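Undergrad: Got a structure here, written out as C-alpha cells. Questions coming.
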Amino acid sequence: MPIVVDIDVMLARRKMSVGELAGRVGITPANLAVLKNGRAKAVRFATLAALCEVLECQPGDLLRWQAEDAAEEPALS
C-alpha cells in the first residue's frame with residue numbers, strides 16, 4: 001500500500017512504549033498494532049488527533065505516501 005505509517009519512528013523519538021501510547025490515546029494495544037503495522041484500512045480523525053496530541057507531532061509525521069515498488073514500473077532503456 002502506498003500509505004506508510006511511521007508510528008514506530010515517533011515512539012522511538014519519544015521513548016514511549018506501544019502499551020503506554022495505547023493507554024494514553026484510549027485504544028487497545030491490539031488496535032494500535034494493526035495501525036502501526038500498516039494493516040488498518042482506515043483511521044478515525046479523532047484517533048489521529050489523539051495520537052498527534054500524545055506524541056506532540058503533526059499527522060504528516062505519522063503518515064506518508066510512498067510510490068509503489070519501482071520493480072512494477074517499466075524499465076527505461
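Scheme for the C-alpha cells: letters A, B, ... for chains in order shown; per-chain residue numbers from 1; ligand numbers from 1 in order shown.
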With a distance cut-off of 10 Å and only C-alpha atoms, select the neighbouring residues of A:Val9, excluding the residue or stretch itself and same-chain residues fewer than 6 positions from it, and output the selection as a compact mmCIF listing (two decimals) with N, CA, C and O atoms, in the first residue's frame.
TA:
# COMPACT_ATOMS: atom_id res chain seq x y z
N LYS A 15 10.60 7.91 23.12
CA LYS A 15 10.97 6.88 24.10
C LYS A 15 9.72 6.39 24.85
O LYS A 15 9.67 6.35 26.07
N ASP A 61 3.76 13.54 10.31
CA ASP A 61 4.85 12.83 10.97
C ASP A 61 4.51 11.35 11.14
O ASP A 61 5.41 10.52 11.33
N LEU A 62 3.22 11.01 11.08
CA LEU A 62 2.77 9.64 11.29
C LEU A 62 2.40 8.92 10.00
O LEU A 62 2.50 7.70 9.93
Undergrad: Could you pull the residues within 9 Å of A:Pro2, counting only C-alpha atoms, minus those fewer than 4 positions along the same chain, as a PyMOL selection string?
TA: chain A and resi 64-69
Undergrad: Hey, what's within 12 Å of A:Cys57 if we count only C-alpha atoms and toss same-chain stuff fewer than 3 positions away? As an mmCIF file with N, CA, C and O atoms, in the first residue's frame, please?
TA:
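Result went into around20.cif, see below:
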data_model
loop_
_atom_site.group_PDB
_atom_site.id
_atom_site.type_symbol
_atom_site.label_atom_id
_atom_site.label_comp_id
_atom_site.auth_asym_id
_atom_site.auth_seq_id
_atom_site.Cartn_x
_atom_site.Cartn_y
_atom_site.Cartn_z
ATOM 1 N N ASP A 6 4.279 5.692 10.170
ATOM 2 C CA ASP A 6 5.560 5.850 10.866
ATOM 3 C C ASP A 6 5.391 6.033 12.380
ATOM 4 O O ASP A 6 6.144 6.788 13.002
ATOM 5 N N ILE A 7 4.427 5.346 12.967
ATOM 6 C CA ILE A 7 4.228 5.462 14.412
ATOM 7 C C ILE A 7 5.468 4.967 15.156
ATOM 8 O O ILE A 7 5.855 5.550 16.172
ATOM 9 N N VAL A 9 8.536 5.287 14.408
ATOM 10 C CA VAL A 9 9.549 6.349 14.431
ATOM 11 C C VAL A 9 9.263 7.324 15.569
ATOM 12 O O VAL A 9 10.153 7.678 16.350
ATOM 13 N N MET A 10 7.995 7.737 15.667
ATOM 14 C CA MET A 10 7.637 8.696 16.717
ATOM 15 C C MET A 10 7.720 8.069 18.103
ATOM 16 O O MET A 10 8.113 8.743 19.059
ATOM 17 N N LEU A 11 7.374 6.793 18.221
ATOM 18 C CA LEU A 11 7.514 6.112 19.510
ATOM 19 C C LEU A 11 8.973 6.103 19.949
ATOM 20 O O LEU A 11 9.279 6.359 21.118
ATOM 21 N N ARG A 13 11.360 8.202 19.009
ATOM 22 C CA ARG A 13 11.783 9.574 19.321
ATOM 23 C C ARG A 13 11.285 10.021 20.690
ATOM 24 O O ARG A 13 11.956 10.787 21.380
ATOM 25 N N ARG A 14 10.099 9.561 21.063
ATOM 26 C CA ARG A 14 9.506 9.958 22.345
ATOM 27 C C ARG A 14 9.846 8.985 23.471
ATOM 28 O O ARG A 14 9.425 9.167 24.601
ATOM 29 N N LEU A 48 -6.442 9.864 15.082
ATOM 30 C CA LEU A 48 -5.251 10.525 14.557
ATOM 31 C C LEU A 48 -4.930 11.770 15.380
ATOM 32 O O LEU A 48 -3.770 12.012 15.724
ATOM 33 N N ALA A 49 -5.951 12.536 15.731
ATOM 34 C CA ALA A 49 -5.747 13.732 16.551
ATOM 35 C C ALA A 49 -5.200 13.365 17.924
ATOM 36 O O ALA A 49 -4.288 14.024 18.434
ATOM 37 N N ALA A 50 -5.729 12.301 18.522
ATOM 38 C CA ALA A 50 -5.246 11.862 19.838
ATOM 39 C C ALA A 50 -3.798 11.388 19.756
ATOM 40 O O ALA A 50 -2.984 11.690 20.642
ATOM 41 N N LEU A 51 -3.455 10.652 18.702
ATOM 42 C CA LEU A 51 -2.072 10.218 18.515
ATOM 43 C C LEU A 51 -1.148 11.426 18.403
ATOM 44 O O LEU A 51 -0.085 11.467 19.028
ATOM 45 N N CYS A 52 -1.552 12.412 17.615
ATOM 46 C CA CYS A 52 -0.733 13.618 17.437
ATOM 47 C C CYS A 52 -0.593 14.389 18.746
ATOM 48 O O CYS A 52 0.489 14.904 19.050
ATOM 49 N N GLU A 53 -1.663 14.457 19.522
ATOM 50 C CA GLU A 53 -1.602 15.171 20.794
ATOM 51 C C GLU A 53 -0.629 14.488 21.758
ATOM 52 O O GLU A 53 0.237 15.136 22.346
ATOM 53 N N VAL A 54 -0.760 13.185 21.904
ATOM 54 C CA VAL A 54 0.100 12.443 22.833
ATOM 55 C C VAL A 54 1.553 12.459 22.371
ATOM 56 O O VAL A 54 2.473 12.633 23.180
ATOM 57 N N GLY A 60 1.347 14.447 9.376
ATOM 58 C CA GLY A 60 2.366 14.102 8.391
ATOM 59 C C GLY A 60 3.595 13.428 8.989
ATOM 60 O O GLY A 60 4.375 12.815 8.270
ATOM 61 N N ASP A 61 3.756 13.540 10.308
ATOM 62 C CA ASP A 61 4.851 12.827 10.967
ATOM 63 C C ASP A 61 4.511 11.345 11.138
ATOM 64 O O ASP A 61 5.410 10.523 11.329
ATOM 65 N N LEU A 62 3.221 11.013 11.076
ATOM 66 C CA LEU A 62 2.770 9.636 11.291
ATOM 67 C C LEU A 62 2.401 8.921 10.004
ATOM 68 O O LEU A 62 2.497 7.702 9.929
ATOM 69 N N LEU A 63 1.965 9.675 9.004
ATOM 70 C CA LEU A 63 1.508 9.085 7.746
ATOM 71 C C LEU A 63 2.228 9.738 6.580
ATOM 72 O O LEU A 63 2.405 10.947 6.547
#
Undergrad: Using only C-alpha atoms, which residues sit within 12 Å of stretch 30-34 of chain A once same-chain residues fewer than 3 positions away are excluded, as a VMD selection string?
TA: chain A and resid 5 to 8 11 17 to 27 37 to 43 47 to 48 51
Undergrad: If you run DSSP on this backbone, which residues of chain A come out as strand (DSSP E or B), and could you give them as number ranges by chain?
TA: A: 3-5, 63-65
Undergrad: Kindly save the residues from that selection, with N, CA, C and O atoms included, as a PDB file, in the first residue's frame.
TA:
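Generated output (part.pdb):
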ATOM      1  N   ILE A   3       0.488   4.106   1.368  1.00  0.00           N
ATOM      2  CA  ILE A   3       0.486   4.904   2.587  1.00  0.00           C
ATOM      3  C   ILE A   3       1.310   4.164   3.646  1.00  0.00           C
ATOM      4  O   ILE A   3       1.026   3.017   3.965  1.00  0.00           O
ATOM      5  N   VAL A   4       2.331   4.820   4.155  1.00  0.00           N
ATOM      6  CA  VAL A   4       3.221   4.232   5.146  1.00  0.00           C
ATOM      7  C   VAL A   4       2.940   4.882   6.492  1.00  0.00           C
ATOM      8  O   VAL A   4       2.809   6.098   6.585  1.00  0.00           O
ATOM      9  N   VAL A   5       2.838   4.058   7.528  1.00  0.00           N
ATOM     10  CA  VAL A   5       2.575   4.542   8.886  1.00  0.00           C
ATOM     11  C   VAL A   5       3.897   4.536   9.653  1.00  0.00           C
ATOM     12  O   VAL A   5       4.549   3.506   9.758  1.00  0.00           O
ATOM     13  N   LEU A  63       1.965   9.675   9.004  1.00  0.00           N
ATOM     14  CA  LEU A  63       1.508   9.085   7.746  1.00  0.00           C
ATOM     15  C   LEU A  63       2.228   9.738   6.580  1.00  0.00           C
ATOM     16  O   LEU A  63       2.405  10.947   6.547  1.00  0.00           O
ATOM     17  N   ARG A  64       2.639   8.922   5.613  1.00  0.00           N
ATOM     18  CA  ARG A  64       3.265   9.473   4.412  1.00  0.00           C
ATOM     19  C   ARG A  64       2.934   8.591   3.222  1.00  0.00           C
ATOM     20  O   ARG A  64       2.643   7.399   3.369  1.00  0.00           O
ATOM     21  N   TRP A  65       2.947   9.200   2.055  1.00  0.00           N
ATOM     22  CA  TRP A  65       2.711   8.477   0.812  1.00  0.00           C
ATOM     23  C   TRP A  65       4.046   8.054   0.230  1.00  0.00           C
ATOM     24  O   TRP A  65       5.009   8.817   0.225  1.00  0.00           O
TER      25      TRP A  65
END
Undergrad: Name the residues of chain A that come out as alpha helix (DSSP H) in a backbone DSSP run; write them as a VMD selection string.
TA: chain A and resid 7 to 14 18 to 25 29 to 36 45 to 55 59 to 62
Undergrad: Output C-alpha atoms for every residue in the selection just made, as a JSON list (two decimals), in the first residue's frame.
TA:
[["chain", "number", "residue", "atom", "x", "y", "z"],
["A", 7, "ILE", "CA", 4.23, 5.46, 14.41],
["A", 8, "ASP", "CA", 7.33, 3.39, 15.29],
["A", 9, "VAL", "CA", 9.55, 6.35, 14.43],
["A", 10, "MET", "CA", 7.64, 8.70, 16.72],
["A", 11, "LEU", "CA", 7.51, 6.11, 19.51],
["A", 12, "ALA", "CA", 11.29, 5.80, 19.36],
["A", 13, "ARG", "CA", 11.78, 9.57, 19.32],
["A", 14, "ARG", "CA", 9.51, 9.96, 22.34],
["A", 18, "VAL", "CA", 3.16, 0.82, 22.42],
["A", 19, "GLY", "CA", 1.27, 0.00, 25.61],
["A", 20, "GLU", "CA", 1.79, 3.47, 27.05],
["A", 21, "LEU", "CA", 0.71, 5.14, 23.79],
["A", 22, "ALA", "CA", -2.39, 2.95, 23.52],
["A", 23, "GLY", "CA", -3.39, 3.75, 27.08],
["A", 24, "ARG", "CA", -2.89, 7.48, 26.68],
["A", 25, "VAL", "CA", -4.76, 7.55, 23.34],
["A", 29, "PRO", "CA", -2.72, -2.22, 22.11],
["A", 30, "ALA", "CA", -4.03, -4.70, 19.51],
["A", 31, "ASN", "CA", -5.76, -1.92, 17.53],
["A", 32, "LEU", "CA", -2.68, 0.26, 17.78],
["A", 33, "ALA", "CA", -0.57, -2.64, 16.47],
["A", 34, "VAL", "CA", -2.91, -3.01, 13.46],
["A", 35, "LEU", "CA", -2.47, 0.69, 12.69],
["A", 36, "LYS", "CA", 1.26, 0.71, 13.44],
["A", 45, "PHE", "CA", -9.65, 11.59, 12.62],
["A", 46, "ALA", "CA", -10.32, 11.56, 16.38],
["A", 47, "THR", "CA", -7.77, 8.75, 16.79],
["A", 48, "LEU", "CA", -5.25, 10.52, 14.56],
["A", 49, "ALA", "CA", -5.75, 13.73, 16.55],
["A", 50, "ALA", "CA", -5.25, 11.86, 19.84],
["A", 51, "LEU", "CA", -2.07, 10.22, 18.52],
["A", 52, "CYS", "CA", -0.73, 13.62, 17.44],
["A", 53, "GLU", "CA", -1.60, 15.17, 20.79],
["A", 54, "VAL", "CA", 0.10, 12.44, 22.83],
["A", 55, "LEU", "CA", 3.14, 12.21, 20.54],
["A", 59, "PRO", "CA", -0.35, 13.97, 11.06],
["A", 60, "GLY", "CA", 2.37, 14.10, 8.39],
["A", 61, "ASP", "CA", 4.85, 12.83, 10.97],
["A", 62, "LEU", "CA", 2.77, 9.64, 11.29]]
